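Structure file entry26.txt; described as compact mmCIF, C-alpha atoms.
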```txt
# COMPACT_ATOMS: atom_id res chain seq x y z
CA GLN A 1 -157.26 19.82 -116.46
CA VAL A 2 -158.35 16.28 -117.29
CA SER A 3 -156.94 13.60 -119.61
CA VAL A 4 -159.44 12.70 -122.31
CA LEU A 5 -158.99 9.30 -123.95
CA TYR A 6 -160.55 8.39 -127.31
CA PHE A 7 -161.22 4.82 -128.47
CA ALA A 8 -162.40 3.02 -131.59
CA ARG A 9 -164.70 5.15 -133.75
CA SER A 10 -164.35 8.17 -131.47
CA ALA A 11 -160.55 8.10 -131.95
CA GLU A 12 -161.04 8.00 -135.73
CA LEU A 13 -163.46 10.94 -135.67
CA ALA A 14 -161.39 13.04 -133.26
CA GLY A 15 -158.14 12.14 -135.03
CA LEU A 16 -156.28 11.42 -131.82
CA ARG A 17 -156.18 9.00 -128.89
CA CYS A 18 -155.57 11.30 -125.95
CA GLU A 19 -155.23 14.92 -124.95
CA THR A 20 -155.46 17.22 -121.95
CA LEU A 21 -158.51 19.48 -121.71
CA SER A 22 -159.36 22.24 -119.29
CA VAL A 23 -162.89 21.90 -117.98
CA PRO A 24 -164.79 23.23 -114.96
CA ARG A 25 -164.28 21.20 -111.81
CA GLN A 26 -168.04 20.60 -111.54
CA ILE A 27 -169.86 19.90 -114.78
CA THR A 28 -172.68 17.64 -115.92
CA SER A 29 -171.78 14.72 -118.17
CA LEU A 30 -173.78 16.28 -121.00
CA GLN A 31 -171.96 19.62 -120.61
CA LEU A 32 -168.64 17.75 -120.68
CA TRP A 33 -169.68 16.08 -123.94
CA GLU A 34 -170.57 19.47 -125.40
CA GLU A 35 -167.14 20.86 -124.43
CA ILE A 36 -165.45 17.95 -126.19
CA VAL A 37 -167.60 18.33 -129.33
CA ARG A 38 -166.66 22.03 -129.41
CA VAL A 39 -163.05 20.91 -129.84
CA HIS A 40 -163.87 17.95 -132.14
CA PRO A 41 -167.11 18.70 -134.03
CA ARG A 42 -166.94 15.42 -135.99
CA LEU A 43 -167.76 13.57 -132.76
CA ALA A 44 -171.32 14.92 -132.85
CA VAL A 45 -172.50 12.03 -135.05
CA ILE A 46 -171.91 9.45 -132.31
CA ARG A 47 -173.57 11.39 -129.48
CA ASP A 48 -176.41 8.87 -129.11
CA GLN A 49 -174.12 5.89 -128.92
CA VAL A 50 -171.41 6.83 -126.45
CA VAL A 51 -170.97 6.91 -122.72
CA PHE A 52 -168.11 8.25 -120.66
CA ALA A 53 -165.83 6.41 -118.28
CA VAL A 54 -164.81 8.86 -115.56
CA ARG A 55 -162.08 7.51 -113.31
CA GLN A 56 -162.94 4.13 -114.90
CA GLU A 57 -166.62 4.17 -113.94
CA TYR A 58 -169.26 4.34 -116.68
CA VAL A 59 -171.32 7.55 -116.81
CA LEU A 60 -174.24 8.12 -119.21
CA LEU A 61 -174.47 11.45 -121.02
CA GLY A 62 -177.01 13.49 -119.09
CA ASP A 63 -177.60 15.51 -115.96
CA GLN A 64 -175.25 13.60 -113.71
CA LEU A 65 -172.97 16.10 -111.97
CA LEU A 66 -169.30 15.18 -112.19
CA VAL A 67 -166.76 16.45 -109.67
CA LEU A 68 -163.44 16.33 -111.48
CA GLN A 69 -159.94 16.47 -110.01
CA PRO A 70 -156.82 17.58 -111.93
CA GLY A 71 -155.38 14.63 -113.82
CA ASP A 72 -158.63 12.61 -113.81
CA GLU A 73 -159.05 10.25 -116.77
CA VAL A 74 -162.19 10.70 -118.84
CA ALA A 75 -162.68 8.22 -121.68
CA ILE A 76 -165.13 8.35 -124.60
CA ILE A 77 -166.63 4.86 -124.81
CA PRO A 78 -168.37 3.90 -128.10
CA PRO A 79 -170.53 0.73 -128.09
CA ILE A 80 -168.29 -2.13 -127.01
CA SER A 81 -167.59 -5.33 -128.92
CA GLY A 82 -165.25 -7.50 -126.88
CA GLY A 83 -165.31 -11.26 -126.85
CA MET B 1 -154.89 -32.72 -97.82
CA ASP B 2 -154.83 -29.01 -97.16
CA GLU B 3 -157.04 -27.09 -99.55
CA SER B 4 -155.90 -23.80 -98.06
CA GLU B 5 -152.72 -24.22 -100.10
CA ASP B 6 -154.75 -23.94 -103.32
CA VAL B 7 -156.05 -20.38 -102.93
CA PRO B 8 -158.66 -19.38 -105.55
CA LYS B 9 -157.05 -17.19 -108.21
CA ASP B 10 -158.09 -14.99 -111.13
CA PHE B 11 -155.80 -14.98 -114.18
CA ILE B 12 -156.52 -12.02 -116.44
CA LYS B 13 -154.44 -11.17 -119.48
CA LEU B 14 -154.84 -8.88 -122.49
CA LYS B 15 -152.12 -9.54 -125.06
CA SER B 16 -151.37 -9.28 -128.74
CA GLU B 17 -149.76 -12.71 -129.13
CA LYS B 18 -151.71 -15.80 -130.19
CA LEU B 19 -153.78 -17.28 -127.33
CA SER B 20 -153.19 -20.81 -126.13
CA VAL B 21 -156.00 -23.09 -124.97
CA ASP B 22 -153.45 -25.35 -123.24
CA GLU B 23 -151.96 -22.45 -121.34
CA VAL B 24 -155.32 -21.07 -120.18
CA SER B 25 -156.76 -24.43 -119.10
CA GLU B 26 -153.59 -25.32 -117.24
CA LEU B 27 -153.87 -22.10 -115.22
CA VAL B 28 -157.15 -23.21 -113.65
CA ILE B 29 -156.46 -26.90 -113.09
CA SER B 30 -156.61 -27.88 -109.43
CA PRO B 31 -156.39 -31.22 -107.66
CA TYR B 32 -159.56 -30.26 -105.75
CA CYS B 33 -161.57 -29.73 -108.95
CA GLY B 34 -163.19 -32.36 -111.10
CA ALA B 35 -164.32 -29.92 -113.76
CA VAL B 36 -162.68 -27.35 -116.03
CA SER B 37 -165.06 -25.55 -118.40
CA LEU B 38 -163.80 -23.55 -121.36
CA PHE B 39 -165.14 -20.98 -123.81
CA ILE B 40 -163.15 -20.06 -126.91
CA GLY B 41 -164.30 -17.13 -129.09
CA THR B 42 -162.93 -17.49 -132.62
CA THR B 43 -162.95 -15.25 -135.68
CA ARG B 44 -165.64 -16.06 -138.26
CA ASN B 45 -164.88 -15.56 -141.95
CA ASN B 46 -168.13 -13.84 -142.88
CA PHE B 47 -170.67 -11.27 -141.80
CA GLU B 48 -173.90 -10.54 -143.74
CA GLY B 49 -172.50 -11.96 -146.93
CA LYS B 50 -169.22 -10.05 -146.71
CA LYS B 51 -165.92 -11.84 -146.48
CA VAL B 52 -164.06 -11.04 -143.25
CA ILE B 53 -160.31 -10.78 -143.79
CA HIS B 54 -159.43 -10.43 -140.10
CA LEU B 55 -160.50 -8.68 -136.88
CA GLU B 56 -158.67 -5.91 -135.04
CA TYR B 57 -159.21 -5.42 -131.32
CA GLU B 58 -158.37 -2.46 -129.12
CA ALA B 59 -159.00 -1.93 -125.42
CA TYR B 60 -159.07 0.63 -122.64
CA THR B 61 -156.64 -1.74 -121.03
CA SER B 62 -156.56 -0.61 -117.42
CA MET B 63 -160.35 -0.35 -117.19
CA ALA B 64 -160.87 -3.61 -119.10
CA GLU B 65 -158.75 -5.46 -116.54
CA THR B 66 -160.69 -3.83 -113.70
CA GLU B 67 -164.04 -4.77 -115.28
CA ILE B 68 -162.90 -8.37 -115.81
CA LYS B 69 -161.82 -8.50 -112.15
CA LYS B 70 -165.35 -7.38 -111.21
CA ILE B 71 -166.76 -10.23 -113.31
CA CYS B 72 -164.50 -12.71 -111.48
CA ARG B 73 -165.68 -11.32 -108.14
CA ASP B 74 -169.32 -11.70 -109.23
CA VAL B 75 -168.62 -15.28 -110.34
CA ARG B 76 -167.32 -16.16 -106.89
CA GLN B 77 -170.36 -14.60 -105.22
CA LYS B 78 -172.79 -16.50 -107.44
CA TRP B 79 -170.88 -19.81 -107.50
CA PRO B 80 -168.84 -19.99 -104.29
CA SER B 81 -167.40 -23.39 -105.13
CA VAL B 82 -165.59 -22.02 -108.22
CA LYS B 83 -161.85 -22.39 -107.76
CA HIS B 84 -159.87 -20.58 -110.46
CA VAL B 85 -160.97 -18.26 -113.28
CA ALA B 86 -158.83 -17.36 -116.30
CA VAL B 87 -159.77 -14.79 -118.95
CA HIS B 88 -157.33 -14.16 -121.80
CA HIS B 89 -158.31 -11.69 -124.54
CA ARG B 90 -156.26 -10.96 -127.63
CA LEU B 91 -155.64 -7.42 -128.84
CA GLY B 92 -154.52 -6.20 -132.27
CA VAL B 93 -154.97 -8.29 -135.40
CA VAL B 94 -156.71 -11.68 -135.05
CA PRO B 95 -156.83 -13.75 -138.28
CA VAL B 96 -159.87 -15.87 -139.19
CA THR B 97 -160.23 -19.08 -137.11
CA GLU B 98 -157.85 -17.86 -134.42
CA ALA B 99 -159.10 -17.25 -130.90
CA SER B 100 -159.87 -13.75 -129.68
CA VAL B 101 -160.92 -14.78 -126.19
CA ILE B 102 -160.47 -17.85 -123.99
CA ILE B 103 -162.25 -18.24 -120.65
CA ALA B 104 -161.58 -21.16 -118.30
CA VAL B 105 -163.19 -21.90 -114.92
CA SER B 106 -162.55 -24.79 -112.54
CA SER B 107 -164.87 -26.13 -109.86
CA PRO B 108 -165.26 -29.39 -107.91
CA HIS B 109 -168.34 -30.41 -109.94
CA ARG B 110 -169.30 -29.47 -113.46
CA ALA B 111 -172.52 -27.45 -113.05
CA GLU B 112 -170.84 -24.42 -111.46
CA SER B 113 -167.95 -24.08 -113.91
CA LEU B 114 -170.25 -24.50 -116.92
CA GLU B 115 -172.62 -21.81 -115.65
CA ALA B 116 -169.77 -19.51 -114.60
CA VAL B 117 -168.13 -19.63 -118.05
CA THR B 118 -171.43 -18.68 -119.68
CA TYR B 119 -171.84 -15.81 -117.25
CA CYS B 120 -168.27 -14.61 -117.90
CA ILE B 121 -168.55 -14.36 -121.67
CA ASN B 122 -172.03 -12.81 -121.57
CA THR B 123 -171.01 -10.20 -119.02
CA LEU B 124 -167.71 -9.49 -120.79
CA LYS B 125 -169.67 -8.67 -123.93
CA ALA B 126 -171.92 -6.31 -121.97
CA SER B 127 -169.43 -4.40 -119.87
CA VAL B 128 -165.72 -4.69 -120.72
CA PRO B 129 -164.26 -1.75 -122.74
CA ILE B 130 -162.84 -3.70 -125.68
CA TRP B 131 -163.69 -2.90 -129.32
CA LYS B 132 -163.58 -5.05 -132.45
CA LYS B 133 -163.17 -3.82 -136.00
CA GLU B 134 -164.16 -6.26 -138.75
CA ILE B 135 -161.96 -5.83 -141.84
CA TYR B 136 -163.67 -6.81 -145.13
CA GLU B 137 -162.21 -6.80 -148.61
CA ASP B 138 -162.89 -3.16 -149.35
CA GLU B 139 -164.23 -1.62 -146.13
CA TYR B 140 -164.32 -2.10 -142.37
CA SER B 141 -166.87 -1.83 -139.59
CA TRP B 142 -166.69 -1.18 -135.86
CA LYS B 143 -168.87 -3.86 -134.31
CA GLU B 144 -171.38 -3.30 -131.50
CA ASN B 145 -172.37 -6.08 -129.11
CA LYS B 146 -176.12 -6.36 -128.67
CA GLU B 147 -175.32 -6.92 -124.98
CA CYS B 148 -173.83 -3.40 -124.71
CA PHE B 149 -175.99 -1.86 -122.02
CA TRP B 150 -176.05 1.72 -123.32
CA ALA B 151 -176.14 1.35 -127.10
CA ASN B 152 -179.52 -0.34 -127.02
CA SER B 153 -181.15 1.71 -124.30
CA GLU B 154 -180.55 4.99 -126.08
CA LYS B 155 -181.93 3.88 -129.45
```

Reformat the file's structure so that it appears as structure tokens.
Amino acid sequence: QVSVLYFARSAELAGLRCETLSVPRQITSLQLWEEIVRVHPRLAVIRDQVVFAVRQEYVLLGDQLLVLQPGDEVAIIPPISGG
Amino acid sequence: MDESEDVPKDFIKLKSEKLSVDEVSELVISPYCGAVSLFIGTTRNNFEGKKVIHLEYEAYTSMAETEIKKICRDVRQKWPSVKHVAVHHRLGVVPVTEASVIIAVSSPHRAESLEAVTYCINTLKASVPIWKKEIYEDEYSWKENKECFWANSEK
């Protein structure tokens, strides 16, 4: 069970800012994205623009294997625009 | 004179109230420094011919503070003579001409603080999880920094 956080455009598309999701303990970042899109299909349009932040470290969508612990924070990070 | 009393500090704040240039520059002033360099990012009133009414900022606050701390640490590695670094970023609604970000750096001589401020704002735009929405008269747009390291590489 991980906490998924949504920001900016991803929060608008998903319609919420945070939720708990049950995912396998070991999963690639791409598989994690696909799980999230299953729940929120409208997110599919931003697939090429987002990265994850897992435990506050950036992770690209791809083959990287994530080892998740219960309560871990996973954030959807659309292209940033600070400053 | 005992410079060990003036320990180098990072001052990082994300807040929704109006930012103050006086407050941020005073944070970094040090009797051992002859230079304070400042960057102020302000809200422009137009984008591609459209009138901007105001900006709205949101942040992944805990990670943004961590990423800004990393930038401060990098600054001190690259410019060891830098004394204090302050980064204040506004969240929520920022009206036109008001500041959305203020960065101040102090150092004994000017070259280091000038270069460090440039590095701070450029790296902030590339790596800190903060988002800006530009509100126009009849629509809005989530902006994307060209410095954002993943948005460009995946295109």

Determine which residues of chain A sit within 12 Å of chain B, taking into account only C-alpha atoms, and present them as JSON, numbers by chain. {"A": [5, 6, 7, 8, 9, 10, 11, 12, 17, 18, 46, 47, 48, 49, 50, 51, 52, 53, 54, 55, 56, 57, 58, 59, 60, 61, 62, 73, 74, 75, 76, 77, 78, 79, 80, 81, 82, 83]}

Filtering to C-alpha atoms, could you give me those residues as a compact mmCIF listing (two decimals), in the coordinates of the input?
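Output below, filename again19.txt:
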```
# COMPACT_ATOMS: atom_id res chain seq x y z
CA LEU A 5 -158.99 9.30 -123.95
CA TYR A 6 -160.55 8.39 -127.31
CA PHE A 7 -161.22 4.82 -128.47
CA ALA A 8 -162.40 3.02 -131.59
CA ARG A 9 -164.70 5.15 -133.75
CA SER A 10 -164.35 8.17 -131.47
CA ALA A 11 -160.55 8.10 -131.95
CA GLU A 12 -161.04 8.00 -135.73
CA ARG A 17 -156.18 9.00 -128.89
CA CYS A 18 -155.57 11.30 -125.95
CA ILE A 46 -171.91 9.45 -132.31
CA ARG A 47 -173.57 11.39 -129.48
CA ASP A 48 -176.41 8.87 -129.11
CA GLN A 49 -174.12 5.89 -128.92
CA VAL A 50 -171.41 6.83 -126.45
CA VAL A 51 -170.97 6.91 -122.72
CA PHE A 52 -168.11 8.25 -120.66
CA ALA A 53 -165.83 6.41 -118.28
CA VAL A 54 -164.81 8.86 -115.56
CA ARG A 55 -162.08 7.51 -113.31
CA GLN A 56 -162.94 4.13 -114.90
CA GLU A 57 -166.62 4.17 -113.94
CA TYR A 58 -169.26 4.34 -116.68
CA VAL A 59 -171.32 7.55 -116.81
CA LEU A 60 -174.24 8.12 -119.21
CA LEU A 61 -174.47 11.45 -121.02
CA GLY A 62 -177.01 13.49 -119.09
CA GLU A 73 -159.05 10.25 -116.77
CA VAL A 74 -162.19 10.70 -118.84
CA ALA A 75 -162.68 8.22 -121.68
CA ILE A 76 -165.13 8.35 -124.60
CA ILE A 77 -166.63 4.86 -124.81
CA PRO A 78 -168.37 3.90 -128.10
CA PRO A 79 -170.53 0.73 -128.09
CA ILE A 80 -168.29 -2.13 -127.01
CA SER A 81 -167.59 -5.33 -128.92
CA GLY A 82 -165.25 -7.50 -126.88
CA GLY A 83 -165.31 -11.26 -126.85
```

Contacts of region 110-120 of chain B at 9 Å (all atoms listed in the file; same-chain gap of 2+ positions) as a PyMOL selection string: chain B and resi 33-39+68+71-72+75-76+78-83+85+87+103-108+122-125

Put a box with edges along x, y and z around all the listed atoms of region 72-75 of chain B, pad it by 3 Å on each side, then give me its centre and sizes in Å, one decimal, as AutoDock Vina command-line options.
```
--center_x -166.9 --center_y -13.3 --center_z -109.8 --size_x 10.8 --size_y 10.0 --size_z 9.3
```

One decimal, Å: what's the distance from CA of Ala86 (chain B) over to CA of Lys18 (chain B), could you say?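 Interatomic distance, CA of Ala86 (chain B) to CA of Lys18 (chain B): 15.7 Å.
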
Hey, can you check how far CA of Glu17 (chain B) sits from CA of Glu65 (chain B)?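 Pair CA of Glu17 (chain B) / CA of Glu65 (chain B) returns 17.1 Å.
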
Can you tell me, as JSON, numbers by chain, what residues are no more than 12 Å from Leu68 (chain A) when counting only C-alpha atoms, ignoring any on the same chain fewer than 3 positions away? {"A": [1, 2, 3, 21, 22, 23, 24, 25, 26, 27, 28, 29, 32, 54, 55, 65, 71, 72, 73, 74]}

Any idea what the distance is between CA of Val37 (chain A) and CA of Leu16 (chain A)?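 CA of Leu16 (chain A) lies 13.5 Å from CA of Val37 (chain A).
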